[in-house]
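**Student:** File run19.cif below, mmCIF, N, CA and C atoms:
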data_upload
#
loop_
_atom_site.label_atom_id
_atom_site.label_comp_id
_atom_site.auth_asym_id
_atom_site.auth_seq_id
_atom_site.Cartn_x
_atom_site.Cartn_y
_atom_site.Cartn_z
N MET A 1 -7.77 6.98 -10.86
CA MET A 1 -8.11 5.58 -11.02
C MET A 1 -8.20 5.21 -12.50
N GLU A 2 -8.71 6.15 -13.29
CA GLU A 2 -8.83 5.87 -14.72
C GLU A 2 -7.46 5.70 -15.35
N TRP A 3 -6.52 6.57 -14.99
CA TRP A 3 -5.16 6.46 -15.55
C TRP A 3 -4.50 5.16 -15.10
N LEU A 4 -4.69 4.80 -13.86
CA LEU A 4 -4.12 3.56 -13.35
C LEU A 4 -4.72 2.35 -14.07
N SER A 5 -6.02 2.38 -14.30
CA SER A 5 -6.67 1.32 -15.07
C SER A 5 -6.05 1.19 -16.45
N GLU A 6 -5.90 2.32 -17.13
CA GLU A 6 -5.31 2.29 -18.47
C GLU A 6 -3.88 1.77 -18.44
N GLY A 7 -3.11 2.20 -17.45
CA GLY A 7 -1.73 1.75 -17.34
C GLY A 7 -1.62 0.25 -17.12
N LEU A 8 -2.64 -0.33 -16.53
CA LEU A 8 -2.67 -1.78 -16.29
C LEU A 8 -3.29 -2.53 -17.47
N GLY A 9 -3.64 -1.78 -18.52
CA GLY A 9 -4.23 -2.42 -19.70
C GLY A 9 -5.70 -2.76 -19.55
N LEU A 10 -6.36 -2.09 -18.62
CA LEU A 10 -7.79 -2.33 -18.37
C LEU A 10 -8.62 -1.22 -18.99
N ARG A 11 -9.92 -1.43 -19.02
CA ARG A 11 -10.82 -0.35 -19.41
C ARG A 11 -10.68 0.79 -18.41
N ARG A 12 -10.91 2.02 -18.85
CA ARG A 12 -10.76 3.19 -17.97
C ARG A 12 -11.58 3.08 -16.69
N GLU A 13 -12.75 2.47 -16.76
CA GLU A 13 -13.65 2.41 -15.60
C GLU A 13 -13.42 1.19 -14.72
N ALA A 14 -12.52 0.30 -15.10
CA ALA A 14 -12.39 -1.00 -14.43
C ALA A 14 -12.12 -0.90 -12.93
N LEU A 15 -11.12 -0.11 -12.52
CA LEU A 15 -10.81 -0.03 -11.09
C LEU A 15 -11.92 0.66 -10.30
N ILE A 16 -12.46 1.72 -10.84
CA ILE A 16 -13.55 2.41 -10.14
C ILE A 16 -14.73 1.46 -9.93
N GLU A 17 -15.09 0.73 -10.97
CA GLU A 17 -16.19 -0.23 -10.85
C GLU A 17 -15.84 -1.33 -9.84
N GLY A 18 -14.63 -1.83 -9.89
CA GLY A 18 -14.21 -2.91 -8.99
C GLY A 18 -14.13 -2.49 -7.54
N LEU A 19 -13.94 -1.19 -7.30
CA LEU A 19 -13.82 -0.69 -5.93
C LEU A 19 -15.13 -0.13 -5.38
N GLY A 20 -16.21 -0.20 -6.15
CA GLY A 20 -17.49 0.26 -5.62
C GLY A 20 -18.23 1.23 -6.49
N GLY A 21 -17.74 1.50 -7.68
CA GLY A 21 -18.44 2.42 -8.58
C GLY A 21 -18.36 3.85 -8.12
N GLU A 22 -19.39 4.60 -8.37
CA GLU A 22 -19.40 6.03 -8.04
C GLU A 22 -19.43 6.29 -6.53
N THR A 23 -19.69 5.27 -5.73
CA THR A 23 -19.74 5.46 -4.27
C THR A 23 -18.38 5.24 -3.62
N VAL A 24 -17.34 4.96 -4.42
CA VAL A 24 -16.02 4.69 -3.87
C VAL A 24 -15.51 5.92 -3.10
N GLU A 25 -14.87 5.66 -1.96
CA GLU A 25 -14.29 6.74 -1.16
C GLU A 25 -12.77 6.65 -1.25
N TYR A 26 -12.14 7.80 -1.34
CA TYR A 26 -10.68 7.86 -1.45
C TYR A 26 -10.11 8.37 -0.14
N LEU A 27 -9.05 7.73 0.30
CA LEU A 27 -8.37 8.13 1.52
C LEU A 27 -6.88 7.91 1.32
N MET A 28 -6.09 8.87 1.70
CA MET A 28 -4.65 8.70 1.64
C MET A 28 -4.11 8.68 3.06
N LYS A 29 -3.39 7.64 3.37
CA LYS A 29 -2.77 7.51 4.69
C LYS A 29 -1.28 7.34 4.47
N ILE A 30 -0.49 8.16 5.12
CA ILE A 30 0.96 8.11 4.96
C ILE A 30 1.58 7.81 6.32
N ASN A 31 2.38 6.77 6.37
CA ASN A 31 3.14 6.44 7.57
C ASN A 31 4.60 6.76 7.32
N TYR A 32 5.22 7.41 8.27
CA TYR A 32 6.65 7.73 8.16
C TYR A 32 7.32 7.34 9.46
N TYR A 33 8.34 6.54 9.36
CA TYR A 33 9.10 6.10 10.52
C TYR A 33 10.55 6.50 10.32
N PRO A 34 10.97 7.60 10.94
CA PRO A 34 12.36 8.04 10.76
C PRO A 34 13.34 7.02 11.35
N PRO A 35 14.57 7.02 10.86
CA PRO A 35 15.56 6.07 11.38
C PRO A 35 15.77 6.24 12.89
N CYS A 36 15.95 5.13 13.56
CA CYS A 36 16.23 5.15 14.99
C CYS A 36 17.42 4.22 15.21
N HIS A 37 18.51 4.76 15.69
CA HIS A 37 19.74 3.98 15.83
C HIS A 37 19.77 3.14 17.10
N ASP A 38 18.83 3.36 18.00
CA ASP A 38 18.74 2.56 19.23
C ASP A 38 17.53 1.64 19.09
N GLN A 39 17.76 0.38 18.78
CA GLN A 39 16.67 -0.57 18.53
C GLN A 39 15.71 -0.72 19.72
N ASP A 40 16.17 -0.41 20.92
CA ASP A 40 15.29 -0.49 22.10
C ASP A 40 14.23 0.61 22.11
N LEU A 41 14.43 1.65 21.31
CA LEU A 41 13.50 2.77 21.27
C LEU A 41 12.59 2.74 20.05
N VAL A 42 12.75 1.75 19.18
CA VAL A 42 12.00 1.70 17.93
C VAL A 42 10.51 1.48 18.22
N ILE A 43 9.69 2.33 17.62
CA ILE A 43 8.24 2.18 17.68
C ILE A 43 7.74 2.21 16.24
N GLY A 44 6.98 1.22 15.84
CA GLY A 44 6.46 1.17 14.48
C GLY A 44 5.09 0.55 14.48
N ALA A 45 4.57 0.33 13.32
CA ALA A 45 3.26 -0.30 13.20
C ALA A 45 3.41 -1.80 13.47
N PRO A 46 2.50 -2.39 14.24
CA PRO A 46 2.56 -3.84 14.44
C PRO A 46 2.17 -4.56 13.14
N ASP A 47 2.41 -5.86 13.09
CA ASP A 47 1.98 -6.64 11.93
C ASP A 47 0.51 -6.35 11.68
N HIS A 48 0.16 -6.13 10.42
CA HIS A 48 -1.23 -5.79 10.10
C HIS A 48 -1.54 -6.14 8.66
N THR A 49 -2.80 -6.09 8.35
CA THR A 49 -3.30 -6.30 7.00
C THR A 49 -4.01 -5.03 6.56
N ASP A 50 -3.68 -4.54 5.38
CA ASP A 50 -4.39 -3.38 4.84
C ASP A 50 -5.72 -3.85 4.28
N VAL A 51 -6.79 -3.19 4.67
CA VAL A 51 -8.13 -3.62 4.25
C VAL A 51 -8.67 -2.77 3.10
N ASN A 52 -7.80 -1.98 2.50
CA ASN A 52 -8.25 -1.14 1.40
C ASN A 52 -8.07 -1.85 0.06
N GLY A 53 -8.57 -1.23 -0.99
CA GLY A 53 -8.53 -1.84 -2.31
C GLY A 53 -7.17 -1.76 -2.97
N ILE A 54 -6.45 -0.66 -2.78
CA ILE A 54 -5.14 -0.48 -3.41
C ILE A 54 -4.18 0.05 -2.36
N THR A 55 -3.02 -0.55 -2.28
CA THR A 55 -1.98 -0.10 -1.37
C THR A 55 -0.70 0.11 -2.16
N PHE A 56 -0.10 1.29 -2.06
CA PHE A 56 1.20 1.56 -2.66
C PHE A 56 2.25 1.41 -1.58
N LEU A 57 3.20 0.54 -1.80
CA LEU A 57 4.30 0.34 -0.86
C LEU A 57 5.54 1.01 -1.42
N VAL A 58 6.03 2.01 -0.73
CA VAL A 58 7.23 2.71 -1.16
C VAL A 58 8.33 2.35 -0.16
N ALA A 59 9.30 1.62 -0.63
CA ALA A 59 10.36 1.15 0.26
C ALA A 59 11.65 1.91 0.01
N ASN A 60 12.46 1.97 1.03
CA ASN A 60 13.81 2.52 0.89
C ASN A 60 14.78 1.48 1.44
N GLU A 61 15.92 1.90 1.90
CA GLU A 61 16.91 0.94 2.39
C GLU A 61 16.58 0.38 3.78
N ALA A 62 15.57 0.92 4.44
CA ALA A 62 15.18 0.41 5.75
C ALA A 62 14.50 -0.95 5.61
N LEU A 63 14.86 -1.88 6.46
CA LEU A 63 14.28 -3.22 6.43
C LEU A 63 12.96 -3.26 7.19
N GLY A 64 12.12 -4.23 6.87
CA GLY A 64 10.90 -4.44 7.64
C GLY A 64 9.62 -4.40 6.84
N LEU A 65 9.62 -3.72 5.69
CA LEU A 65 8.41 -3.64 4.88
C LEU A 65 8.28 -4.91 4.05
N GLN A 66 7.15 -5.60 4.17
CA GLN A 66 6.93 -6.84 3.45
C GLN A 66 5.52 -6.86 2.86
N ALA A 67 5.36 -7.64 1.80
CA ALA A 67 4.05 -7.88 1.20
C ALA A 67 3.86 -9.39 1.09
N PHE A 68 2.62 -9.85 1.31
CA PHE A 68 2.30 -11.27 1.25
C PHE A 68 1.72 -11.59 -0.11
N LYS A 69 2.39 -12.45 -0.87
CA LYS A 69 1.93 -12.81 -2.21
C LYS A 69 2.27 -14.27 -2.48
N ASP A 70 1.35 -14.97 -3.13
CA ASP A 70 1.57 -16.36 -3.50
C ASP A 70 2.00 -17.21 -2.31
N ASN A 71 1.35 -16.96 -1.18
CA ASN A 71 1.54 -17.76 0.03
C ASN A 71 2.90 -17.59 0.71
N HIS A 72 3.61 -16.50 0.43
CA HIS A 72 4.85 -16.24 1.18
C HIS A 72 5.11 -14.73 1.25
N TRP A 73 5.94 -14.32 2.21
CA TRP A 73 6.25 -12.92 2.43
C TRP A 73 7.41 -12.50 1.54
N ILE A 74 7.29 -11.33 0.94
CA ILE A 74 8.32 -10.77 0.07
C ILE A 74 8.85 -9.51 0.72
N ASP A 75 10.16 -9.42 0.91
CA ASP A 75 10.76 -8.21 1.46
C ASP A 75 10.75 -7.08 0.44
#
Take the structure in the file and give it back as C-alpha cells.
**Tutor:**
Amino acid sequence: MEWLSEGLGLRREALIEGLGGETVEYLMKINYYPPCHDQDLVIGAPDHTDVNGITFLVANEALGLQAFKDNHWID
C-alpha cells in the first residue's frame, strides 16, 4: 500500500489511512473464466459491485469486463 501511495504521488501512509489505518484487512480474490465457445454453456459472475477499497481489473481480449466511471460504463 505504501508503494502504491507513492506511485500515485501521495504520502506513503495515505492509502492505509484511507482504508482504515492499522486495522485494514487485506484479501485477494481472483476470478478466472476460461474461454467457452458455446455461449449456451457460459457461466460467469452476474452484474455486481465490488465493495472493497481497491480493485485491480486485468482485462484480456475477452469481452464483458466493464468499470463504471463518470456516470457511464467503460469497456
**Student:** Considering only C-alpha atoms, return as a list in words whatever protein or nucleic-acid residues lie within 9 Å of region 13-15 of chain A, sequence-local ones (same chain, fewer than 4 positions apart) excluded.
**Tutor:**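 Answer for this query is Met1, Glu2, Leu4, Ser5, Glu6, Leu19, Gly20 and Gly21 of chain A.
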**Student:** Selected by the PyMOL selection byres (((chain A and resi 56 and name CA) around 12) and name CA) in the shown coordinates: which residues, as a PyMOL selection string?
**Tutor:** chain A and resi 28-31+50+52-55+57-59+65-67
**Student:** Those same residues - N, CA and C atoms - I'd like them written as a PDB file, keeping the file's coordinate frame.
**Tutor:**
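Contents of part-v9.pdb, as written:
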ATOM      1  N   MET A  28      -6.090   8.870   1.700  1.00  0.00           N
ATOM      2  CA  MET A  28      -4.650   8.700   1.640  1.00  0.00           C
ATOM      3  C   MET A  28      -4.110   8.680   3.060  1.00  0.00           C
ATOM      4  N   LYS A  29      -3.390   7.640   3.370  1.00  0.00           N
ATOM      5  CA  LYS A  29      -2.770   7.510   4.690  1.00  0.00           C
ATOM      6  C   LYS A  29      -1.280   7.340   4.470  1.00  0.00           C
ATOM      7  N   ILE A  30      -0.490   8.160   5.120  1.00  0.00           N
ATOM      8  CA  ILE A  30       0.960   8.110   4.960  1.00  0.00           C
ATOM      9  C   ILE A  30       1.580   7.810   6.320  1.00  0.00           C
ATOM     10  N   ASN A  31       2.380   6.770   6.370  1.00  0.00           N
ATOM     11  CA  ASN A  31       3.140   6.440   7.570  1.00  0.00           C
ATOM     12  C   ASN A  31       4.600   6.760   7.320  1.00  0.00           C
ATOM     13  N   ASP A  50      -3.680  -4.540   5.380  1.00  0.00           N
ATOM     14  CA  ASP A  50      -4.390  -3.380   4.840  1.00  0.00           C
ATOM     15  C   ASP A  50      -5.720  -3.850   4.280  1.00  0.00           C
ATOM     16  N   ASN A  52      -7.800  -1.980   2.500  1.00  0.00           N
ATOM     17  CA  ASN A  52      -8.250  -1.140   1.400  1.00  0.00           C
ATOM     18  C   ASN A  52      -8.070  -1.850   0.060  1.00  0.00           C
ATOM     19  N   GLY A  53      -8.570  -1.230  -0.990  1.00  0.00           N
ATOM     20  CA  GLY A  53      -8.530  -1.840  -2.310  1.00  0.00           C
ATOM     21  C   GLY A  53      -7.170  -1.760  -2.970  1.00  0.00           C
ATOM     22  N   ILE A  54      -6.450  -0.660  -2.780  1.00  0.00           N
ATOM     23  CA  ILE A  54      -5.140  -0.480  -3.410  1.00  0.00           C
ATOM     24  C   ILE A  54      -4.180   0.050  -2.360  1.00  0.00           C
ATOM     25  N   THR A  55      -3.020  -0.550  -2.280  1.00  0.00           N
ATOM     26  CA  THR A  55      -1.980  -0.100  -1.370  1.00  0.00           C
ATOM     27  C   THR A  55      -0.700   0.110  -2.160  1.00  0.00           C
ATOM     28  N   LEU A  57       3.200   0.540  -1.800  1.00  0.00           N
ATOM     29  CA  LEU A  57       4.300   0.340  -0.860  1.00  0.00           C
ATOM     30  C   LEU A  57       5.540   1.010  -1.420  1.00  0.00           C
ATOM     31  N   VAL A  58       6.030   2.010  -0.730  1.00  0.00           N
ATOM     32  CA  VAL A  58       7.230   2.710  -1.160  1.00  0.00           C
ATOM     33  C   VAL A  58       8.330   2.350  -0.160  1.00  0.00           C
ATOM     34  N   ALA A  59       9.300   1.620  -0.630  1.00  0.00           N
ATOM     35  CA  ALA A  59      10.360   1.150   0.260  1.00  0.00           C
ATOM     36  C   ALA A  59      11.650   1.910   0.010  1.00  0.00           C
ATOM     37  N   LEU A  65       9.620  -3.720   5.690  1.00  0.00           N
ATOM     38  CA  LEU A  65       8.410  -3.640   4.880  1.00  0.00           C
ATOM     39  C   LEU A  65       8.280  -4.910   4.050  1.00  0.00           C
ATOM     40  N   GLN A  66       7.150  -5.600   4.170  1.00  0.00           N
ATOM     41  CA  GLN A  66       6.930  -6.840   3.450  1.00  0.00           C
ATOM     42  C   GLN A  66       5.520  -6.860   2.860  1.00  0.00           C
ATOM     43  N   ALA A  67       5.360  -7.640   1.800  1.00  0.00           N
ATOM     44  CA  ALA A  67       4.050  -7.880   1.200  1.00  0.00           C
ATOM     45  C   ALA A  67       3.860  -9.390   1.090  1.00  0.00           C
TER      46      ALA A  67
END
**Student:** Let me make sure I understand: among A:Val51, A:Tyr33, A:Arg11, A:Val24, which one has the smallest atom-to-atom distance to Leu63 (chain A) if we use only C-alpha atoms?
**Tutor:** A:Tyr33
**Student:** State, in Å with one decimal place, the distance from CA of Glu61 (chain A) to CA of Trp3 (chain A).
**Tutor:**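 Those two atoms sit 29.0 Å apart.
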**Student:** Using DSSP on the backbone coordinates, identify all residues within chain A classified as strand (DSSP E or B); present the result as a PyMOL selection string.
**Tutor:** chain A and resi 67-69+72-74
